[in-house]
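work_2.csv follows; it contains CSV, N, CA and C atoms.
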chain,number,residue,atom,x,y,z
L,1,MET,N,-18.1,-21.0,81.5
L,1,MET,CA,-18.2,-19.6,81.1
L,1,MET,C,-16.8,-19.0,81.3
L,2,LYS,N,-16.4,-18.2,80.3
L,2,LYS,CA,-15.1,-17.6,80.3
L,2,LYS,C,-15.3,-16.1,80.2
L,3,LEU,N,-14.6,-15.3,81.0
L,3,LEU,CA,-14.7,-13.8,81.0
L,3,LEU,C,-13.4,-13.2,80.7
L,4,ARG,N,-13.5,-12.2,79.8
L,4,ARG,CA,-12.3,-11.4,79.5
L,4,ARG,C,-12.7,-10.0,79.5
L,5,LEU,N,-11.9,-9.2,80.3
L,5,LEU,CA,-12.1,-7.8,80.3
L,5,LEU,C,-10.9,-7.1,79.8
L,6,LYS,N,-11.1,-6.1,79.0
L,6,LYS,CA,-10.0,-5.3,78.4
L,6,LYS,C,-10.5,-3.9,78.1
L,7,GLY,N,-10.1,-2.9,78.9
L,7,GLY,CA,-10.6,-1.5,78.7
L,7,GLY,C,-12.1,-1.5,78.9
L,8,ASN,N,-12.8,-1.0,78.0
L,8,ASN,CA,-14.3,-0.9,78.0
L,8,ASN,C,-14.9,-2.0,77.2
L,9,SER,N,-14.2,-3.2,77.1
L,9,SER,CA,-14.7,-4.3,76.4
L,9,SER,C,-14.9,-5.5,77.3
L,10,ILE,N,-16.1,-6.1,77.2
L,10,ILE,CA,-16.4,-7.3,78.0
L,10,ILE,C,-16.7,-8.4,77.1
L,11,ARG,N,-16.0,-9.5,77.2
L,11,ARG,CA,-16.1,-10.6,76.3
L,11,ARG,C,-16.4,-11.9,77.1
L,12,VAL,N,-17.5,-12.5,76.8
L,12,VAL,CA,-17.9,-13.8,77.6
L,12,VAL,C,-18.1,-14.9,76.5
L,13,ARG,N,-17.4,-16.0,76.8
L,13,ARG,CA,-17.6,-17.2,76.0
L,13,ARG,C,-18.4,-18.2,76.8
L,14,LEU,N,-19.4,-18.8,76.1
L,14,LEU,CA,-20.2,-19.8,76.7
L,14,LEU,C,-20.1,-21.1,75.9
L,15,ASP,N,-20.0,-22.2,76.6
L,15,ASP,CA,-20.0,-23.5,75.9
L,15,ASP,C,-21.5,-24.0,75.8
L,16,ARG,N,-21.6,-25.2,75.2
L,16,ARG,CA,-23.0,-25.7,75.0
L,16,ARG,C,-23.8,-25.8,76.3
L,17,ARG,N,-23.1,-26.3,77.3
L,17,ARG,CA,-23.8,-26.5,78.6
L,17,ARG,C,-24.2,-25.2,79.2
L,18,ASP,N,-23.3,-24.2,79.1
L,18,ASP,CA,-23.7,-22.8,79.6
L,18,ASP,C,-24.9,-22.3,78.9
L,19,ILE,N,-25.0,-22.4,77.6
L,19,ILE,CA,-26.1,-21.8,76.9
L,19,ILE,C,-27.4,-22.6,77.2
L,20,GLU,N,-27.3,-23.9,77.3
L,20,GLU,CA,-28.4,-24.7,77.7
L,20,GLU,C,-28.9,-24.3,79.1
L,21,ARG,N,-28.0,-24.1,80.0
L,21,ARG,CA,-28.4,-23.6,81.4
L,21,ARG,C,-29.1,-22.3,81.3
L,22,LEU,N,-28.5,-21.4,80.5
L,22,LEU,CA,-29.1,-20.0,80.3
L,22,LEU,C,-30.5,-20.1,79.8
L,23,ILE,N,-30.8,-21.0,78.9
L,23,ILE,CA,-32.1,-21.2,78.4
L,23,ILE,C,-33.1,-21.9,79.4
L,24,ASP,N,-32.6,-22.9,80.1
L,24,ASP,CA,-33.4,-23.7,81.0
L,24,ASP,C,-33.6,-23.0,82.3
L,25,GLU,N,-32.6,-22.4,82.9
L,25,GLU,CA,-32.7,-21.8,84.2
L,25,GLU,C,-32.8,-20.2,84.2
L,26,GLY,N,-32.5,-19.6,83.0
L,26,GLY,CA,-32.6,-18.2,82.9
L,26,GLY,C,-31.3,-17.4,83.2
L,27,HIS,N,-30.3,-18.2,83.7
L,27,HIS,CA,-29.0,-17.5,84.0
L,27,HIS,C,-27.9,-18.5,84.1
L,28,VAL,N,-26.7,-18.0,83.9
L,28,VAL,CA,-25.5,-18.8,84.2
L,28,VAL,C,-24.5,-17.8,84.9
L,29,ASP,N,-23.9,-18.2,86.0
L,29,ASP,CA,-23.1,-17.3,86.7
L,29,ASP,C,-21.8,-17.9,87.3
L,30,ASP,N,-20.9,-17.1,87.7
L,30,ASP,CA,-19.6,-17.5,88.3
L,30,ASP,C,-19.1,-16.4,89.1
L,31,ALA,N,-17.9,-16.6,89.7
L,31,ALA,CA,-17.3,-15.6,90.6
L,31,ALA,C,-15.8,-15.8,90.7
L,32,VAL,N,-15.1,-14.8,91.0
L,32,VAL,CA,-13.7,-14.8,91.4
L,32,VAL,C,-13.8,-14.5,92.9
L,33,ARG,N,-13.3,-15.4,93.7
L,33,ARG,CA,-13.3,-15.2,95.1
L,33,ARG,C,-12.0,-14.8,95.7
L,34,PHE,N,-12.0,-13.8,96.5
L,34,PHE,CA,-10.8,-13.2,97.1
L,34,PHE,C,-10.6,-13.5,98.6
L,35,GLY,N,-11.6,-14.2,99.1
L,35,GLY,CA,-11.6,-14.5,100.5
L,35,GLY,C,-13.0,-14.5,101.0
L,36,PRO,N,-13.2,-14.8,102.3
L,36,PRO,CA,-14.6,-14.8,102.9
L,36,PRO,C,-15.3,-13.5,102.6
L,37,GLY,N,-16.4,-13.6,101.9
L,37,GLY,CA,-17.3,-12.4,101.7
L,37,GLY,C,-16.8,-11.5,100.6
L,38,LEU,N,-15.7,-11.8,100.0
L,38,LEU,CA,-15.1,-11.0,98.9
L,38,LEU,C,-15.1,-11.7,97.6
L,39,ALA,N,-15.9,-11.2,96.7
L,39,ALA,CA,-16.0,-11.8,95.4
L,39,ALA,C,-16.4,-10.8,94.3
L,40,PHE,N,-15.9,-11.1,93.1
L,40,PHE,CA,-16.4,-10.4,91.9
L,40,PHE,C,-17.2,-11.4,91.2
L,41,SER,N,-18.5,-11.2,91.0
L,41,SER,CA,-19.3,-12.1,90.3
L,41,SER,C,-19.8,-11.6,89.0
L,42,TYR,N,-20.1,-12.5,88.1
L,42,TYR,CA,-20.5,-12.2,86.8
L,42,TYR,C,-21.5,-13.2,86.3
L,43,ALA,N,-22.5,-12.7,85.5
L,43,ALA,CA,-23.5,-13.6,85.0
L,43,ALA,C,-24.0,-13.2,83.6
L,44,VAL,N,-24.6,-14.2,82.9
L,44,VAL,CA,-25.3,-13.9,81.7
L,44,VAL,C,-26.8,-14.4,82.0
L,45,GLU,N,-27.7,-13.5,81.8
L,45,GLU,CA,-29.1,-13.8,82.1
L,45,GLU,C,-30.0,-13.6,80.9
L,46,ALA,N,-31.0,-14.5,80.7
L,46,ALA,CA,-32.0,-14.3,79.7
L,46,ALA,C,-33.0,-13.4,80.3
L,47,GLY,N,-33.2,-12.2,79.7
L,47,GLY,CA,-34.1,-11.2,80.2
L,47,GLY,C,-34.3,-10.1,79.3
L,48,PRO,N,-34.8,-9.0,79.8
L,48,PRO,CA,-35.1,-7.9,79.0
L,48,PRO,C,-33.9,-7.2,78.3
L,49,ALA,N,-33.7,-7.5,77.1
L,49,ALA,CA,-32.6,-6.9,76.3
L,49,ALA,C,-33.2,-6.7,74.9
L,50,PRO,N,-32.8,-5.7,74.2
L,50,PRO,CA,-33.2,-5.6,72.8
L,50,PRO,C,-32.7,-6.8,72.0
L,51,ARG,N,-33.5,-7.2,71.0
L,51,ARG,CA,-33.1,-8.3,70.1
L,51,ARG,C,-31.7,-8.1,69.5
L,52,GLU,N,-30.8,-9.1,69.6
L,52,GLU,CA,-29.5,-9.1,69.0
L,52,GLU,C,-28.6,-8.0,69.6
L,53,ARG,N,-28.9,-7.5,70.8
L,53,ARG,CA,-28.1,-6.5,71.4
L,53,ARG,C,-28.0,-6.7,72.9
L,54,PRO,N,-27.2,-7.7,73.3
L,54,PRO,CA,-27.0,-7.9,74.8
L,54,PRO,C,-26.6,-6.6,75.5
L,55,LYS,N,-27.1,-6.5,76.7
L,55,LYS,CA,-26.8,-5.3,77.4
L,55,LYS,C,-26.1,-5.6,78.8
L,56,VAL,N,-25.2,-4.8,79.2
L,56,VAL,CA,-24.4,-5.0,80.4
L,56,VAL,C,-24.7,-4.0,81.5
L,57,SER,N,-24.7,-4.5,82.7
L,57,SER,CA,-24.8,-3.6,83.9
L,57,SER,C,-23.9,-4.1,85.0
L,58,TYR,N,-23.6,-3.2,85.9
L,58,TYR,CA,-22.8,-3.5,87.0
L,58,TYR,C,-23.3,-2.9,88.3
L,59,LYS,N,-23.5,-3.7,89.3
L,59,LYS,CA,-24.1,-3.3,90.6
L,59,LYS,C,-23.6,-4.2,91.7
L,60,SER,N,-23.1,-3.5,92.8
L,60,SER,CA,-22.7,-4.2,94.0
L,60,SER,C,-21.8,-5.4,93.7
L,61,GLY,N,-20.8,-5.1,92.9
L,61,GLY,CA,-19.7,-6.1,92.7
L,61,GLY,C,-20.1,-7.2,91.7
L,62,ARG,N,-21.2,-7.0,91.0
L,62,ARG,CA,-21.7,-8.1,90.0
L,62,ARG,C,-21.9,-7.5,88.6
L,63,LEU,N,-21.2,-8.1,87.7
L,63,LEU,CA,-21.3,-7.7,86.3
L,63,LEU,C,-22.4,-8.7,85.7
L,64,THR,N,-23.4,-8.1,85.0
L,64,THR,CA,-24.5,-8.9,84.4
L,64,THR,C,-24.7,-8.5,83.0
L,65,ILE,N,-24.8,-9.5,82.1
L,65,ILE,CA,-25.1,-9.3,80.7
L,65,ILE,C,-26.4,-9.9,80.5
L,66,GLN,N,-27.4,-9.2,80.0
L,66,GLN,CA,-28.7,-9.7,79.7
L,66,GLN,C,-28.8,-9.9,78.2
L,67,ILE,N,-29.4,-11.0,77.8
L,67,ILE,CA,-29.7,-11.3,76.4
L,67,ILE,C,-31.2,-11.7,76.2
L,68,ASP,N,-31.8,-11.3,75.1
L,68,ASP,CA,-33.1,-11.7,74.9
L,68,ASP,C,-33.3,-13.2,74.9
L,69,PRO,N,-34.3,-13.7,75.5
L,69,PRO,CA,-34.4,-15.2,75.6
L,69,PRO,C,-34.5,-15.9,74.2
L,70,GLU,N,-35.2,-15.2,73.3
L,70,GLU,CA,-35.3,-15.8,71.9
L,70,GLU,C,-34.0,-15.8,71.3
L,71,ASP,N,-33.1,-14.8,71.5
L,71,ASP,CA,-31.8,-14.8,70.9
L,71,ASP,C,-31.0,-16.0,71.5
L,72,ALA,N,-31.1,-16.2,72.7
L,72,ALA,CA,-30.4,-17.4,73.3
L,72,ALA,C,-30.8,-18.7,72.7
L,73,GLU,N,-32.0,-18.9,72.5
L,73,GLU,CA,-32.5,-20.2,71.9
L,73,GLU,C,-32.0,-20.3,70.5
L,74,ASP,N,-32.1,-19.2,69.7
L,74,ASP,CA,-31.7,-19.2,68.3
L,74,ASP,C,-30.2,-19.4,68.2
L,75,TRP,N,-29.5,-18.8,69.1
L,75,TRP,CA,-28.0,-18.9,69.2
L,75,TRP,C,-27.6,-20.4,69.4
L,76,LEU,N,-28.2,-21.1,70.3
L,76,LEU,CA,-27.8,-22.4,70.6
L,76,LEU,C,-28.1,-23.3,69.4
L,77,ALA,N,-29.2,-23.1,68.8
L,77,ALA,CA,-29.7,-24.0,67.7
L,77,ALA,C,-29.0,-23.7,66.3
L,78,GLY,N,-28.5,-22.5,66.2
L,78,GLY,CA,-28.0,-22.1,64.9
L,78,GLY,C,-26.4,-22.0,64.8
L,79,ASP,N,-26.0,-21.4,63.7
L,79,ASP,CA,-24.6,-21.3,63.4
L,79,ASP,C,-24.0,-20.0,63.8
L,80,ARG,N,-24.8,-19.1,64.4
L,80,ARG,CA,-24.3,-17.8,64.8
L,80,ARG,C,-23.2,-18.0,65.9
L,81,VAL,N,-22.0,-17.4,65.7
L,81,VAL,CA,-20.9,-17.5,66.6
L,81,VAL,C,-21.2,-16.6,67.9
L,82,GLY,N,-21.8,-15.5,67.7
L,82,GLY,CA,-22.1,-14.7,68.9
L,82,GLY,C,-22.7,-13.3,68.6
L,83,PHE,N,-22.6,-12.4,69.6
L,83,PHE,CA,-23.2,-11.1,69.5
L,83,PHE,C,-22.1,-10.1,69.8
L,84,ASP,N,-22.1,-9.0,69.1
L,84,ASP,CA,-21.1,-7.9,69.3
L,84,ASP,C,-21.9,-6.6,69.3
L,85,HIS,N,-22.0,-6.0,70.5
L,85,HIS,CA,-22.8,-4.8,70.6
L,85,HIS,C,-22.1,-3.7,71.3
L,86,LEU,N,-22.2,-2.5,70.8
L,86,LEU,CA,-21.7,-1.3,71.5
L,86,LEU,C,-22.8,-0.6,72.3
L,87,GLN,N,-22.6,-0.5,73.6
L,87,GLN,CA,-23.6,0.0,74.5
L,87,GLN,C,-23.1,1.4,75.0
L,88,GLU,N,-24.0,2.4,74.9
L,88,GLU,CA,-23.6,3.7,75.5
L,88,GLU,C,-23.7,3.6,77.0
L,89,VAL,N,-22.7,4.1,77.7
L,89,VAL,CA,-22.6,4.1,79.1
L,89,VAL,C,-22.2,5.5,79.5
L,90,GLU,N,-22.4,5.8,80.8
L,90,GLU,CA,-21.9,7.1,81.3
L,90,GLU,C,-20.5,7.3,81.0
L,91,GLY,N,-20.1,8.3,80.2
L,91,GLY,CA,-18.7,8.6,79.9
L,91,GLY,C,-18.1,7.9,78.7
L,92,GLY,N,-19.0,7.2,78.0
L,92,GLY,CA,-18.4,6.5,76.8
L,92,GLY,C,-19.3,5.4,76.3
L,93,VAL,N,-18.6,4.3,75.8
L,93,VAL,CA,-19.2,3.2,75.2
L,93,VAL,C,-18.6,1.9,75.7
L,94,ALA,N,-19.4,0.9,76.0
L,94,ALA,CA,-18.9,-0.4,76.4
L,94,ALA,C,-19.2,-1.4,75.3
L,95,ARG,N,-18.2,-2.2,74.9
L,95,ARG,CA,-18.4,-3.2,73.9
L,95,ARG,C,-18.7,-4.5,74.6
L,96,VAL,N,-19.8,-5.1,74.3
L,96,VAL,CA,-20.3,-6.3,74.9
L,96,VAL,C,-20.3,-7.4,73.8
L,97,LEU,N,-19.5,-8.5,74.1
L,97,LEU,CA,-19.4,-9.6,73.2
L,97,LEU,C,-19.8,-10.9,73.9
L,98,LEU,N,-20.7,-11.6,73.3
L,98,LEU,CA,-21.1,-12.9,73.8
L,98,LEU,C,-20.7,-13.9,72.6
L,99,GLU,N,-20.0,-14.9,72.9
L,99,GLU,CA,-19.5,-15.8,71.9
L,99,GLU,C,-19.6,-17.3,72.3
L,100,LYS,N,-19.8,-18.1,71.4
L,100,LYS,CA,-19.8,-19.6,71.6
L,100,LYS,C,-18.3,-19.9,71.9
L,101,ASP,N,-18.1,-20.8,72.9
L,101,ASP,CA,-16.8,-21.3,73.2
L,101,ASP,C,-16.5,-22.5,72.4
L,102,PHE,N,-15.5,-22.4,71.5
L,102,PHE,CA,-15.1,-23.5,70.6
L,102,PHE,C,-14.0,-24.3,71.2
L,103,ALA,N,-14.0,-25.6,70.8
L,103,ALA,CA,-12.9,-26.5,71.2
L,103,ALA,C,-11.6,-26.0,70.8
L,104,CYS,N,-10.6,-26.1,71.7
L,104,CYS,CA,-9.2,-25.6,71.4
L,104,CYS,C,-8.6,-26.6,70.4
L,105,ILE,N,-8.0,-26.1,69.4
L,105,ILE,CA,-7.3,-27.0,68.4
L,105,ILE,C,-6.0,-27.6,68.9
L,106,ASP,N,-5.3,-26.8,69.7
L,106,ASP,CA,-4.0,-27.3,70.2
L,106,ASP,C,-3.9,-27.3,71.7
L,107,ARG,N,-5.0,-27.9,72.3
L,107,ARG,CA,-5.0,-28.0,73.8
L,107,ARG,C,-3.9,-28.9,74.3
L,108,PRO,N,-3.2,-28.5,75.3
L,108,PRO,CA,-2.1,-29.4,75.8
L,108,PRO,C,-2.7,-30.7,76.4
L,109,LEU,N,-1.9,-31.8,76.3
L,109,LEU,CA,-2.3,-33.1,76.8
L,109,LEU,C,-2.7,-32.9,78.3
L,110,GLY,N,-3.7,-33.6,78.7
L,110,GLY,CA,-4.2,-33.6,80.0
L,110,GLY,C,-5.3,-32.6,80.3
L,111,GLU,N,-5.5,-31.7,79.4
L,111,GLU,CA,-6.5,-30.6,79.6
L,111,GLU,C,-7.7,-30.8,78.6
L,112,GLU,N,-7.9,-32.0,78.1
L,112,GLU,CA,-9.0,-32.3,77.2
L,112,GLU,C,-10.4,-32.0,77.8
L,113,ALA,N,-10.5,-32.3,79.1
L,113,ALA,CA,-11.8,-32.1,79.7
L,113,ALA,C,-12.3,-30.7,79.6
L,114,ASP,N,-11.4,-29.7,79.4
L,114,ASP,CA,-11.8,-28.3,79.3
L,114,ASP,C,-12.7,-28.1,78.1
L,115,ASP,N,-12.7,-29.0,77.1
L,115,ASP,CA,-13.5,-28.9,75.9
L,115,ASP,C,-14.6,-29.8,75.9
L,116,ALA,N,-15.0,-30.5,77.0
L,116,ALA,CA,-16.0,-31.5,77.0
L,116,ALA,C,-17.3,-30.9,76.4
L,117,TYR,N,-17.7,-29.7,76.7
L,117,TYR,CA,-18.9,-29.1,76.3
L,117,TYR,C,-18.8,-28.0,75.2
L,118,ALA,N,-17.5,-27.8,74.8
L,118,ALA,CA,-17.3,-26.8,73.8
L,118,ALA,C,-18.0,-27.1,72.4
L,119,PHE,N,-18.2,-26.1,71.7
L,119,PHE,CA,-18.7,-26.3,70.3
L,119,PHE,C,-17.6,-26.7,69.4
L,120,PRO,N,-17.9,-27.6,68.4
L,120,PRO,CA,-16.9,-28.0,67.5
L,120,PRO,C,-16.2,-26.8,66.9
L,121,ASN,N,-14.9,-26.8,66.8
L,121,ASN,CA,-14.1,-25.7,66.2
L,121,ASN,C,-14.3,-25.7,64.7
L,122,PRO,N,-14.8,-24.6,64.1
L,122,PRO,CA,-14.9,-24.6,62.6
L,122,PRO,C,-13.6,-24.6,61.9
L,123,SER,N,-12.5,-24.3,62.7
L,123,SER,CA,-11.2,-24.3,62.0
L,123,SER,C,-10.5,-25.6,62.1
L,124,ALA,N,-11.1,-26.6,62.8
L,124,ALA,CA,-10.5,-27.9,62.9
L,124,ALA,C,-10.5,-28.7,61.6
L,125,VAL,N,-9.5,-29.3,61.2
L,125,VAL,CA,-9.4,-30.1,60.0
L,125,VAL,C,-9.8,-31.5,60.3
L,126,CYS,N,-10.8,-32.1,59.6
L,126,CYS,CA,-11.3,-33.4,59.8
L,126,CYS,C,-10.7,-34.4,58.8

Output the file's structure in the form of structure tokens.
Amino acid sequence: MKLRLKGNSIRVRLDRRDIERLIDEGHVDDAVRFGPGLAFSYAVEAGPAPRERPKVSYKSGRLTIQIDPEDAEDWLAGDRVGFDHLQEVEGGVARVLLEKDFACIDRPLGEEADDAYAFPNPSAVC
């Protein structure tokens, strides 16, 4: 799972293994650790969210995006690249993007393992 934050935009990319885990276990999570007991954690959970509108929340140092379980299953099985939703939050709007992680076309030698579970890149020429 890859996380990108920019302003009020949250973008998460999940590879095939991440989405399978989301469906099977109900969540996929990770963290940035800053030392003992200090971490910023983030997760995508299959749970109560409006269809096709993932929702974000933040509590106690944890960023959580929830997606409807049926959306997650359809997403893995289909051609849909992802979800892009504007969620009203106190003081404005947060953009929530969930996307499939595609294989890198020009990945440097030695880093091929990073794409082991990536979705085939639709821009790749065969």

Enumerate as a ChimeraX atom specification all residues of chain L assigned to helix (DSSP H, G or I) by DSSP on the backbone, naming them with the chain letters and numbers the document uses. /L:16-25,69-77,112-115

**Item:** Close residues, Gly92 (chain L) itself excluded, 12 Å, only C-alpha atoms, min 5 positions apart in chain, as a ChimeraX atom specification
**Value:** /L:7-9,86-87

Exercise. Write out as a ChimeraX atom specification the residues lying within 12 Å of Arg53 (chain L), counting only C-alpha atoms and excluding same-chain residues fewer than 6 positions away.
Key: /L:47,65-72,82-88,95-98

Correct to one decimal, the distance atom N of Asp18 (chain L)-CA of Lys6 (chain L) is 23.1 Å

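Atom pair atom N of Lys59 (chain L) / CA of Glu25 (chain L) has a distance of 20.9 Å (rounded to one decimal).
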